[in-house]
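Student: Structure file input02.cif (mmCIF, N, CA and C atoms) right here:
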```cif
data_query
loop_
_atom_site.label_atom_id
_atom_site.label_comp_id
_atom_site.auth_asym_id
_atom_site.auth_seq_id
_atom_site.Cartn_x
_atom_site.Cartn_y
_atom_site.Cartn_z
N MET S 30 0.85 -1.17 0.00
CA MET S 30 0.00 0.00 0.00
C MET S 30 0.89 1.23 0.00
N GLU S 31 0.55 2.19 -0.81
CA GLU S 31 1.31 3.42 -0.87
C GLU S 31 0.45 4.58 -0.36
N TYR S 32 1.05 5.45 0.41
CA TYR S 32 0.35 6.64 0.89
C TYR S 32 0.99 7.86 0.25
N GLU S 33 0.15 8.73 -0.29
CA GLU S 33 0.67 9.90 -0.97
C GLU S 33 -0.32 11.04 -0.81
N SER S 34 0.09 12.13 -0.23
CA SER S 34 -0.75 13.32 -0.06
C SER S 34 -2.13 12.99 0.52
N GLY S 35 -2.16 12.18 1.57
CA GLY S 35 -3.43 11.84 2.21
C GLY S 35 -4.24 10.82 1.43
N ARG S 36 -3.64 10.22 0.43
CA ARG S 36 -4.33 9.21 -0.38
C ARG S 36 -3.67 7.86 -0.18
N SER S 37 -4.45 6.83 -0.34
CA SER S 37 -3.95 5.47 -0.22
C SER S 37 -4.21 4.75 -1.53
N SER S 38 -3.20 4.09 -2.07
CA SER S 38 -3.37 3.31 -3.29
C SER S 38 -2.96 1.88 -3.02
N VAL S 39 -3.73 0.96 -3.53
CA VAL S 39 -3.41 -0.46 -3.40
C VAL S 39 -3.28 -1.01 -4.82
N PHE S 40 -2.13 -1.56 -5.14
CA PHE S 40 -1.91 -2.14 -6.44
C PHE S 40 -1.83 -3.65 -6.26
N CYS S 41 -2.71 -4.38 -6.93
CA CYS S 41 -2.80 -5.83 -6.76
C CYS S 41 -2.22 -6.53 -7.97
N GLY S 42 -1.23 -7.37 -7.75
CA GLY S 42 -0.70 -8.18 -8.84
C GLY S 42 -1.64 -9.34 -9.14
N ASN S 43 -1.32 -10.08 -10.16
CA ASN S 43 -2.10 -11.24 -10.54
C ASN S 43 -1.92 -12.36 -9.52
N GLY S 44 -2.95 -13.11 -9.21
CA GLY S 44 -2.79 -14.26 -8.32
C GLY S 44 -3.83 -14.34 -7.24
N VAL S 45 -3.50 -15.08 -6.19
CA VAL S 45 -4.42 -15.37 -5.11
C VAL S 45 -4.06 -14.54 -3.89
N THR S 46 -5.07 -13.94 -3.27
CA THR S 46 -4.88 -13.19 -2.03
C THR S 46 -5.27 -14.09 -0.88
N LYS S 47 -4.39 -14.22 0.11
CA LYS S 47 -4.66 -15.14 1.22
C LYS S 47 -5.57 -14.53 2.26
N GLN S 48 -5.68 -13.24 2.32
CA GLN S 48 -6.58 -12.55 3.23
C GLN S 48 -7.29 -11.45 2.47
N PRO S 49 -8.41 -10.99 2.96
CA PRO S 49 -9.10 -9.89 2.31
C PRO S 49 -8.24 -8.63 2.27
N ILE S 50 -8.54 -7.77 1.31
CA ILE S 50 -7.91 -6.46 1.21
C ILE S 50 -8.77 -5.53 2.05
N VAL S 51 -8.25 -5.05 3.16
CA VAL S 51 -9.03 -4.25 4.10
C VAL S 51 -8.40 -2.88 4.24
N HIS S 52 -9.23 -1.84 4.17
CA HIS S 52 -8.74 -0.49 4.38
C HIS S 52 -9.75 0.27 5.23
N SER S 53 -9.31 0.79 6.35
CA SER S 53 -10.19 1.57 7.22
C SER S 53 -9.73 3.01 7.25
N ALA S 54 -10.65 3.88 7.57
CA ALA S 54 -10.34 5.30 7.66
C ALA S 54 -9.25 5.54 8.69
N GLY S 55 -8.39 6.44 8.40
CA GLY S 55 -7.31 6.82 9.30
C GLY S 55 -6.78 8.14 8.80
N SER S 56 -5.50 8.32 8.81
CA SER S 56 -4.94 9.58 8.33
C SER S 56 -5.09 9.70 6.81
N ALA S 57 -5.12 8.59 6.10
CA ALA S 57 -5.33 8.60 4.67
C ALA S 57 -6.64 7.86 4.39
N THR S 58 -7.66 8.60 3.95
CA THR S 58 -8.95 7.96 3.77
C THR S 58 -9.37 7.84 2.31
N ALA S 59 -8.67 8.47 1.38
CA ALA S 59 -8.99 8.26 -0.04
C ALA S 59 -8.42 6.91 -0.44
N PHE S 60 -9.16 6.16 -1.22
CA PHE S 60 -8.80 4.77 -1.49
C PHE S 60 -8.87 4.51 -2.97
N ARG S 61 -7.79 4.01 -3.56
CA ARG S 61 -7.77 3.65 -4.98
C ARG S 61 -7.22 2.24 -5.10
N LEU S 62 -7.96 1.39 -5.80
CA LEU S 62 -7.53 0.01 -6.02
C LEU S 62 -7.33 -0.20 -7.51
N SER S 63 -6.13 -0.58 -7.89
CA SER S 63 -5.84 -0.90 -9.28
C SER S 63 -5.50 -2.38 -9.38
N LEU S 64 -6.17 -3.05 -10.28
CA LEU S 64 -5.93 -4.48 -10.48
C LEU S 64 -4.96 -4.67 -11.63
N GLN S 65 -4.27 -5.78 -11.62
CA GLN S 65 -3.49 -6.21 -12.77
C GLN S 65 -4.02 -7.57 -13.15
N ARG S 66 -4.87 -7.61 -14.14
CA ARG S 66 -5.53 -8.83 -14.61
C ARG S 66 -6.48 -9.39 -13.56
N THR S 67 -6.36 -10.66 -13.22
CA THR S 67 -7.33 -11.31 -12.34
C THR S 67 -6.82 -11.37 -10.91
N LYS S 68 -7.69 -11.04 -9.97
CA LYS S 68 -7.41 -11.17 -8.54
C LYS S 68 -8.37 -12.22 -8.01
N ARG S 69 -7.85 -13.26 -7.38
CA ARG S 69 -8.69 -14.36 -6.91
C ARG S 69 -8.69 -14.45 -5.40
N GLY S 70 -9.85 -14.80 -4.86
CA GLY S 70 -9.96 -15.08 -3.44
C GLY S 70 -9.42 -16.46 -3.13
N LEU S 71 -9.06 -16.66 -1.92
CA LEU S 71 -8.52 -17.94 -1.48
C LEU S 71 -9.65 -18.94 -1.25
N LYS S 72 -9.44 -20.17 -1.64
CA LYS S 72 -10.46 -21.21 -1.46
C LYS S 72 -10.48 -21.77 -0.05
N ASP S 73 -9.38 -21.69 0.68
CA ASP S 73 -9.31 -22.20 2.05
C ASP S 73 -9.89 -21.16 2.99
N THR S 74 -10.97 -21.48 3.67
CA THR S 74 -11.66 -20.51 4.52
C THR S 74 -11.22 -20.57 5.98
N SER S 75 -10.33 -21.50 6.33
CA SER S 75 -10.01 -21.74 7.74
C SER S 75 -9.34 -20.54 8.42
N ASN S 76 -8.60 -19.74 7.69
CA ASN S 76 -7.92 -18.59 8.29
C ASN S 76 -8.49 -17.26 7.81
N TRP S 77 -9.69 -17.29 7.25
CA TRP S 77 -10.29 -16.07 6.72
C TRP S 77 -10.64 -15.12 7.86
N LEU S 78 -10.38 -13.86 7.70
CA LEU S 78 -10.65 -12.83 8.69
C LEU S 78 -12.15 -12.78 9.03
N LEU S 79 -12.47 -12.71 10.32
CA LEU S 79 -13.86 -12.58 10.77
C LEU S 79 -14.13 -11.16 11.23
N VAL S 80 -15.33 -10.66 10.96
CA VAL S 80 -15.73 -9.32 11.39
C VAL S 80 -17.10 -9.41 12.06
N ASP S 81 -17.45 -8.36 12.79
CA ASP S 81 -18.74 -8.31 13.48
C ASP S 81 -19.88 -8.23 12.46
N PRO S 82 -21.07 -8.67 12.86
CA PRO S 82 -22.23 -8.50 11.98
C PRO S 82 -22.54 -7.00 11.81
N LEU S 83 -23.22 -6.67 10.74
CA LEU S 83 -23.61 -5.28 10.53
C LEU S 83 -24.64 -4.86 11.58
N PRO S 84 -24.56 -3.61 12.04
CA PRO S 84 -25.51 -3.15 13.07
C PRO S 84 -26.97 -3.29 12.64
N SER S 85 -27.27 -3.08 11.38
CA SER S 85 -28.67 -3.15 10.93
C SER S 85 -29.20 -4.58 10.94
N TYR S 86 -28.32 -5.58 10.88
CA TYR S 86 -28.75 -6.97 10.95
C TYR S 86 -28.76 -7.45 12.40
N GLY S 87 -27.77 -7.01 13.17
CA GLY S 87 -27.68 -7.40 14.57
C GLY S 87 -27.17 -8.82 14.78
N ARG S 88 -26.97 -9.53 13.71
CA ARG S 88 -26.45 -10.89 13.75
C ARG S 88 -25.93 -11.22 12.35
N GLY S 89 -25.31 -12.35 12.17
CA GLY S 89 -24.90 -12.75 10.84
C GLY S 89 -26.11 -12.91 9.94
N ARG S 90 -26.00 -12.62 8.69
CA ARG S 90 -27.14 -12.70 7.77
C ARG S 90 -27.64 -14.14 7.61
N GLU S 91 -26.73 -15.10 7.60
CA GLU S 91 -27.11 -16.50 7.40
C GLU S 91 -27.00 -17.32 8.68
N ILE S 92 -26.04 -16.97 9.50
CA ILE S 92 -25.75 -17.73 10.71
C ILE S 92 -25.54 -16.73 11.85
N PRO S 93 -26.08 -16.97 13.03
CA PRO S 93 -25.86 -16.04 14.14
C PRO S 93 -24.37 -15.85 14.42
N GLY S 94 -24.02 -14.64 14.82
CA GLY S 94 -22.62 -14.35 15.15
C GLY S 94 -21.95 -13.54 14.06
N GLY S 95 -20.64 -13.62 14.03
CA GLY S 95 -19.83 -12.85 13.09
C GLY S 95 -20.00 -13.32 11.66
N ARG S 96 -19.19 -12.71 10.80
CA ARG S 96 -19.24 -13.04 9.39
C ARG S 96 -17.84 -12.99 8.82
N TYR S 97 -17.62 -13.68 7.72
CA TYR S 97 -16.33 -13.60 7.05
C TYR S 97 -16.20 -12.22 6.41
N ALA S 98 -15.03 -11.62 6.54
CA ALA S 98 -14.80 -10.29 5.96
C ALA S 98 -14.91 -10.36 4.44
N SER S 99 -15.41 -9.30 3.86
CA SER S 99 -15.49 -9.22 2.41
C SER S 99 -14.10 -9.25 1.82
N PHE S 100 -13.99 -9.72 0.58
CA PHE S 100 -12.70 -9.83 -0.10
C PHE S 100 -12.02 -8.47 -0.17
N ILE S 101 -12.78 -7.43 -0.51
CA ILE S 101 -12.29 -6.05 -0.45
C ILE S 101 -13.24 -5.31 0.48
N LEU S 102 -12.71 -4.75 1.55
CA LEU S 102 -13.53 -4.10 2.57
C LEU S 102 -12.98 -2.72 2.86
N GLY S 103 -13.80 -1.70 2.66
CA GLY S 103 -13.43 -0.34 3.00
C GLY S 103 -14.39 0.20 4.03
N ASN S 104 -13.88 0.83 5.08
CA ASN S 104 -14.72 1.34 6.16
C ASN S 104 -14.36 2.80 6.41
N GLY S 105 -15.32 3.69 6.16
CA GLY S 105 -15.09 5.10 6.40
C GLY S 105 -14.14 5.76 5.42
N VAL S 106 -14.10 5.25 4.20
CA VAL S 106 -13.21 5.83 3.19
C VAL S 106 -14.00 6.75 2.27
N HIS S 107 -13.32 7.65 1.60
CA HIS S 107 -13.97 8.54 0.64
C HIS S 107 -13.10 8.63 -0.60
N ASP S 108 -13.67 9.20 -1.66
CA ASP S 108 -12.97 9.28 -2.94
C ASP S 108 -12.46 7.89 -3.34
N VAL S 109 -13.36 6.93 -3.27
CA VAL S 109 -13.01 5.54 -3.57
C VAL S 109 -13.03 5.34 -5.08
N VAL S 110 -11.94 4.83 -5.62
CA VAL S 110 -11.85 4.52 -7.04
C VAL S 110 -11.36 3.09 -7.17
N ILE S 111 -12.19 2.24 -7.75
CA ILE S 111 -11.81 0.86 -8.03
C ILE S 111 -11.96 0.69 -9.53
N THR S 112 -10.83 0.59 -10.22
CA THR S 112 -10.87 0.59 -11.67
C THR S 112 -9.72 -0.22 -12.24
N ASP S 113 -9.87 -0.56 -13.48
CA ASP S 113 -8.83 -1.26 -14.21
C ASP S 113 -9.24 -1.30 -15.67
N GLU S 114 -8.46 -1.92 -16.48
CA GLU S 114 -8.83 -2.14 -17.87
C GLU S 114 -9.43 -3.54 -17.97
N ASN S 115 -10.65 -3.66 -17.48
CA ASN S 115 -11.39 -4.92 -17.46
C ASN S 115 -10.71 -6.01 -16.63
N GLY S 116 -10.08 -5.62 -15.53
CA GLY S 116 -9.53 -6.58 -14.59
C GLY S 116 -10.67 -7.33 -13.93
N THR S 117 -10.37 -8.46 -13.34
CA THR S 117 -11.40 -9.32 -12.76
C THR S 117 -11.12 -9.58 -11.29
N ILE S 118 -12.17 -9.50 -10.50
CA ILE S 118 -12.12 -9.94 -9.11
C ILE S 118 -12.95 -11.21 -9.06
N ASP S 119 -12.27 -12.33 -8.86
CA ASP S 119 -12.88 -13.66 -8.90
C ASP S 119 -12.93 -14.21 -7.49
N GLY S 120 -14.13 -14.34 -6.93
CA GLY S 120 -14.28 -14.80 -5.56
C GLY S 120 -14.14 -16.30 -5.38
N GLN S 121 -14.01 -17.04 -6.48
CA GLN S 121 -13.93 -18.50 -6.41
C GLN S 121 -15.01 -19.05 -5.48
N GLY S 122 -16.23 -18.59 -5.72
CA GLY S 122 -17.34 -18.82 -4.80
C GLY S 122 -17.83 -20.24 -4.67
N VAL S 123 -17.45 -21.14 -5.58
CA VAL S 123 -17.99 -22.49 -5.52
C VAL S 123 -17.73 -23.16 -4.17
N VAL S 124 -16.59 -22.91 -3.56
CA VAL S 124 -16.27 -23.49 -2.24
C VAL S 124 -17.27 -23.00 -1.21
N TRP S 125 -17.54 -21.69 -1.22
CA TRP S 125 -18.47 -21.08 -0.27
C TRP S 125 -19.90 -21.58 -0.51
N TRP S 126 -20.32 -21.63 -1.78
CA TRP S 126 -21.67 -22.06 -2.10
C TRP S 126 -21.87 -23.53 -1.72
N ASP S 127 -20.85 -24.36 -1.92
CA ASP S 127 -20.94 -25.76 -1.51
C ASP S 127 -21.10 -25.89 0.00
N MET S 128 -20.37 -25.07 0.76
CA MET S 128 -20.52 -25.09 2.22
C MET S 128 -21.91 -24.63 2.63
N TRP S 129 -22.43 -23.59 1.94
CA TRP S 129 -23.76 -23.08 2.26
C TRP S 129 -24.83 -24.15 1.97
N ARG S 130 -24.73 -24.78 0.80
CA ARG S 130 -25.70 -25.82 0.45
C ARG S 130 -25.59 -27.03 1.37
N GLY S 131 -24.35 -27.36 1.78
CA GLY S 131 -24.12 -28.50 2.65
C GLY S 131 -24.31 -28.21 4.13
N LYS S 132 -24.68 -26.94 4.43
CA LYS S 132 -24.92 -26.51 5.82
C LYS S 132 -23.69 -26.72 6.71
N THR S 133 -22.51 -26.47 6.13
CA THR S 133 -21.26 -26.60 6.89
C THR S 133 -20.59 -25.25 7.14
N LEU S 134 -21.24 -24.15 6.77
CA LEU S 134 -20.67 -22.82 7.02
C LEU S 134 -20.58 -22.55 8.51
N GLN S 135 -19.49 -21.95 8.93
CA GLN S 135 -19.32 -21.56 10.33
C GLN S 135 -19.81 -20.14 10.58
N HIS S 136 -19.78 -19.30 9.53
CA HIS S 136 -20.16 -17.89 9.64
C HIS S 136 -20.82 -17.47 8.32
N THR S 137 -21.41 -16.29 8.28
CA THR S 137 -22.00 -15.76 7.07
C THR S 137 -20.94 -15.54 6.00
N ARG S 138 -21.27 -15.89 4.77
CA ARG S 138 -20.33 -15.77 3.64
C ARG S 138 -19.93 -14.32 3.37
N PRO S 139 -18.75 -14.13 2.78
CA PRO S 139 -18.29 -12.76 2.48
C PRO S 139 -18.81 -12.27 1.12
N HIS S 140 -18.81 -10.96 0.96
CA HIS S 140 -19.08 -10.31 -0.32
C HIS S 140 -17.75 -10.15 -1.05
N LEU S 141 -17.81 -9.85 -2.34
CA LEU S 141 -16.56 -9.53 -3.04
C LEU S 141 -16.08 -8.14 -2.65
N LEU S 142 -17.00 -7.19 -2.61
CA LEU S 142 -16.65 -5.81 -2.26
C LEU S 142 -17.69 -5.28 -1.29
N GLU S 143 -17.24 -4.76 -0.16
CA GLU S 143 -18.15 -4.11 0.79
C GLU S 143 -17.52 -2.80 1.22
N LEU S 144 -18.28 -1.73 1.04
CA LEU S 144 -17.87 -0.41 1.50
C LEU S 144 -18.88 0.03 2.55
N MET S 145 -18.36 0.44 3.71
CA MET S 145 -19.21 0.86 4.82
C MET S 145 -18.89 2.31 5.18
N TYR S 146 -19.93 3.08 5.47
CA TYR S 146 -19.76 4.48 5.91
C TYR S 146 -18.81 5.23 4.98
N SER S 147 -18.96 5.04 3.70
CA SER S 147 -18.04 5.63 2.72
C SER S 147 -18.80 6.52 1.77
N LYS S 148 -18.07 7.35 1.02
CA LYS S 148 -18.73 8.26 0.08
C LYS S 148 -17.84 8.52 -1.12
N GLN S 149 -18.47 9.08 -2.16
CA GLN S 149 -17.77 9.40 -3.41
C GLN S 149 -17.07 8.16 -3.96
N ILE S 150 -17.89 7.23 -4.43
CA ILE S 150 -17.42 5.91 -4.87
C ILE S 150 -17.54 5.79 -6.38
N LEU S 151 -16.47 5.35 -7.03
CA LEU S 151 -16.47 5.09 -8.47
C LEU S 151 -15.91 3.70 -8.71
N ILE S 152 -16.70 2.87 -9.38
CA ILE S 152 -16.26 1.53 -9.75
C ILE S 152 -16.44 1.43 -11.26
N SER S 153 -15.36 1.15 -11.99
CA SER S 153 -15.48 1.08 -13.45
C SER S 153 -14.48 0.09 -14.04
N ASN S 154 -14.89 -0.49 -15.16
CA ASN S 154 -14.04 -1.39 -15.93
C ASN S 154 -13.48 -2.54 -15.12
N VAL S 155 -14.28 -3.07 -14.19
CA VAL S 155 -13.88 -4.20 -13.37
C VAL S 155 -14.97 -5.26 -13.48
N ILE S 156 -14.58 -6.50 -13.61
CA ILE S 156 -15.52 -7.61 -13.67
C ILE S 156 -15.53 -8.30 -12.31
N PHE S 157 -16.69 -8.41 -11.70
CA PHE S 157 -16.86 -9.13 -10.44
C PHE S 157 -17.53 -10.46 -10.78
N LYS S 158 -16.89 -11.57 -10.40
CA LYS S 158 -17.49 -12.85 -10.76
C LYS S 158 -17.31 -13.89 -9.67
N ASP S 159 -18.21 -14.85 -9.67
CA ASP S 159 -18.16 -16.01 -8.79
C ASP S 159 -18.03 -15.62 -7.32
N SER S 160 -18.92 -14.75 -6.89
CA SER S 160 -18.89 -14.26 -5.52
C SER S 160 -19.38 -15.31 -4.53
N PRO S 161 -18.78 -15.36 -3.33
CA PRO S 161 -19.29 -16.23 -2.28
C PRO S 161 -20.69 -15.84 -1.80
N PHE S 162 -21.04 -14.56 -1.93
CA PHE S 162 -22.33 -14.06 -1.48
C PHE S 162 -22.74 -12.98 -2.47
N TRP S 163 -22.85 -11.72 -2.07
CA TRP S 163 -23.18 -10.64 -3.00
C TRP S 163 -21.90 -10.11 -3.62
N ASN S 164 -22.01 -9.59 -4.84
CA ASN S 164 -20.83 -9.03 -5.51
C ASN S 164 -20.40 -7.71 -4.87
N ILE S 165 -21.30 -6.73 -4.89
CA ILE S 165 -20.97 -5.39 -4.39
C ILE S 165 -22.00 -5.02 -3.34
N HIS S 166 -21.53 -4.65 -2.15
CA HIS S 166 -22.43 -4.35 -1.04
C HIS S 166 -22.03 -3.00 -0.42
N PRO S 167 -22.58 -1.89 -0.95
CA PRO S 167 -22.36 -0.59 -0.30
C PRO S 167 -23.36 -0.44 0.83
N VAL S 168 -22.90 -0.27 2.05
CA VAL S 168 -23.82 -0.19 3.18
C VAL S 168 -23.48 1.05 4.01
N TYR S 169 -24.51 1.80 4.37
CA TYR S 169 -24.36 3.05 5.12
C TYR S 169 -23.48 4.04 4.34
N CYS S 170 -23.57 4.02 3.01
CA CYS S 170 -22.74 4.89 2.15
C CYS S 170 -23.57 6.05 1.60
N ARG S 171 -22.86 7.09 1.22
CA ARG S 171 -23.50 8.24 0.57
C ARG S 171 -22.87 8.45 -0.77
#
```
Just give me the structure as structure tokens.
Tutor:
Amino acid sequence: MEYESGRSSVFCGNGVTKQPIVHSAGSATAFRLSLQRTKRGLKDTSNWLLVDPLPSYGRGREIPGGRYASFILGNGVHDVVITDENGTIDGQGVVWWDMWRGKTLQHTRPHLLELMYSKQILISNVIFKDSPFWNIHPVYCR
């Protein structure tokens, strides 16, 4: 992650990310994500980051308790730009969907992208596919 003039940029190379890409508001709250080709979520869920349920739900959406963090999670960020030249965010959701159908999920499935309490959001030229749950989930955003 690079910080420049109060801005944060995340440049993702091709391949598999072992943990979600998480960015929370702090001294640098502008957020730009640039992909290089395909970015894939990890199929092994055993070490996936857990987060609290959303306040409006009061519990996990599918299962009581916490939830798996979204693959890309921004909290309290502004001037959000997620763009590429048709780069792909591939959630490799079949593993998650199989657990959901087989009733073996331990927590609520993650989204591909979740922005919370954020504003001024631009998403362009990005393909979201094979999500474990919802593709894009802007919540409490303006």
Student: Evaluating the PyMOL selection byres ((chain S and resi 98) around 5) on the displayed file yields which residues, as a PDB file with N, CA and C atoms, in the coordinates of the input?
Tutor:
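Printed below is expr.pdb as written:
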```pdb
ATOM      1  N   LEU S  78     -10.380 -13.860   7.700  1.00  0.00           N
ATOM      2  CA  LEU S  78     -10.650 -12.830   8.690  1.00  0.00           C
ATOM      3  C   LEU S  78     -12.150 -12.780   9.030  1.00  0.00           C
ATOM      4  N   LEU S  79     -12.470 -12.710  10.320  1.00  0.00           N
ATOM      5  CA  LEU S  79     -13.860 -12.580  10.770  1.00  0.00           C
ATOM      6  C   LEU S  79     -14.130 -11.160  11.230  1.00  0.00           C
ATOM      7  N   VAL S  80     -15.330 -10.660  10.960  1.00  0.00           N
ATOM      8  CA  VAL S  80     -15.730  -9.320  11.390  1.00  0.00           C
ATOM      9  C   VAL S  80     -17.100  -9.410  12.060  1.00  0.00           C
ATOM     10  N   ARG S  96     -19.190 -12.710  10.800  1.00  0.00           N
ATOM     11  CA  ARG S  96     -19.240 -13.040   9.390  1.00  0.00           C
ATOM     12  C   ARG S  96     -17.840 -12.990   8.820  1.00  0.00           C
ATOM     13  N   TYR S  97     -17.620 -13.680   7.720  1.00  0.00           N
ATOM     14  CA  TYR S  97     -16.330 -13.600   7.050  1.00  0.00           C
ATOM     15  C   TYR S  97     -16.200 -12.220   6.410  1.00  0.00           C
ATOM     16  N   SER S  99     -15.410  -9.300   3.860  1.00  0.00           N
ATOM     17  CA  SER S  99     -15.490  -9.220   2.410  1.00  0.00           C
ATOM     18  C   SER S  99     -14.100  -9.250   1.820  1.00  0.00           C
ATOM     19  N   PHE S 100     -13.990  -9.720   0.580  1.00  0.00           N
ATOM     20  CA  PHE S 100     -12.700  -9.830  -0.100  1.00  0.00           C
ATOM     21  C   PHE S 100     -12.020  -8.470  -0.170  1.00  0.00           C
ATOM     22  N   PRO S 139     -18.750 -14.130   2.780  1.00  0.00           N
ATOM     23  CA  PRO S 139     -18.290 -12.760   2.480  1.00  0.00           C
ATOM     24  C   PRO S 139     -18.810 -12.270   1.120  1.00  0.00           C
TER      25      PRO S 139
END
```
Student: Would you mind telling me which residue in S:Ile118, S:Met128, S:Val106, S:Ile92 lies nearest to Asp73 of chain S when using only C-alpha atoms?
Tutor: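 Result for the nearest residue to Asp73 of chain S: S:Met128.
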Student: Atom C of Leu141 of chain S to atom N of Asp119 of chain S: how many Å, to one decimal?
Tutor: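 Value for the atom C of Leu141 of chain S-atom N of Asp119 of chain S distance: 8.4 Å.
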Student: Compare S:Ile101, S:Leu151, S:Met145, S:Val168 by their minimum atom-to-atom distance to Gly120 of chain S, counting only C-alpha atoms, and give me the closest one.
Tutor: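 Smallest distance to Gly120 of chain S is found for S:Ile101.
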Student: By how many Å are atom CA of Leu134 of chain S and atom CA of Phe157 of chain S apart?
Tutor: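 So the two atoms, atom CA of Leu134 of chain S and atom CA of Phe157 of chain S, lie 22.5 Å apart.
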Student: Using only N, CA and C atoms for the distances, tell me which of S:Lys148, S:His140, S:Arg130, S:Arg90 is nearest to His107 of chain S.
Tutor: S:Lys148
Student: For Glu91 of chain S, find every residue with an atom within 6.5 Å (counting all atoms listed in the file), except residues of its own chain fewer than 5 positions away, and show them as a list of chain:residue names.
Tutor: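 Here the qualifying residues turn out to be S:His136, S:Thr137, S:Arg138.
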Student: Taking all atoms listed in the file into account, name the residue in S:Leu142, S:Trp125, S:Thr117, S:Ser153 that is nearest to Leu102 of chain S.
Tutor: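 Nearest candidate to Leu102 of chain S out of S:Leu142, S:Trp125, S:Thr117, S:Ser153: S:Leu142.
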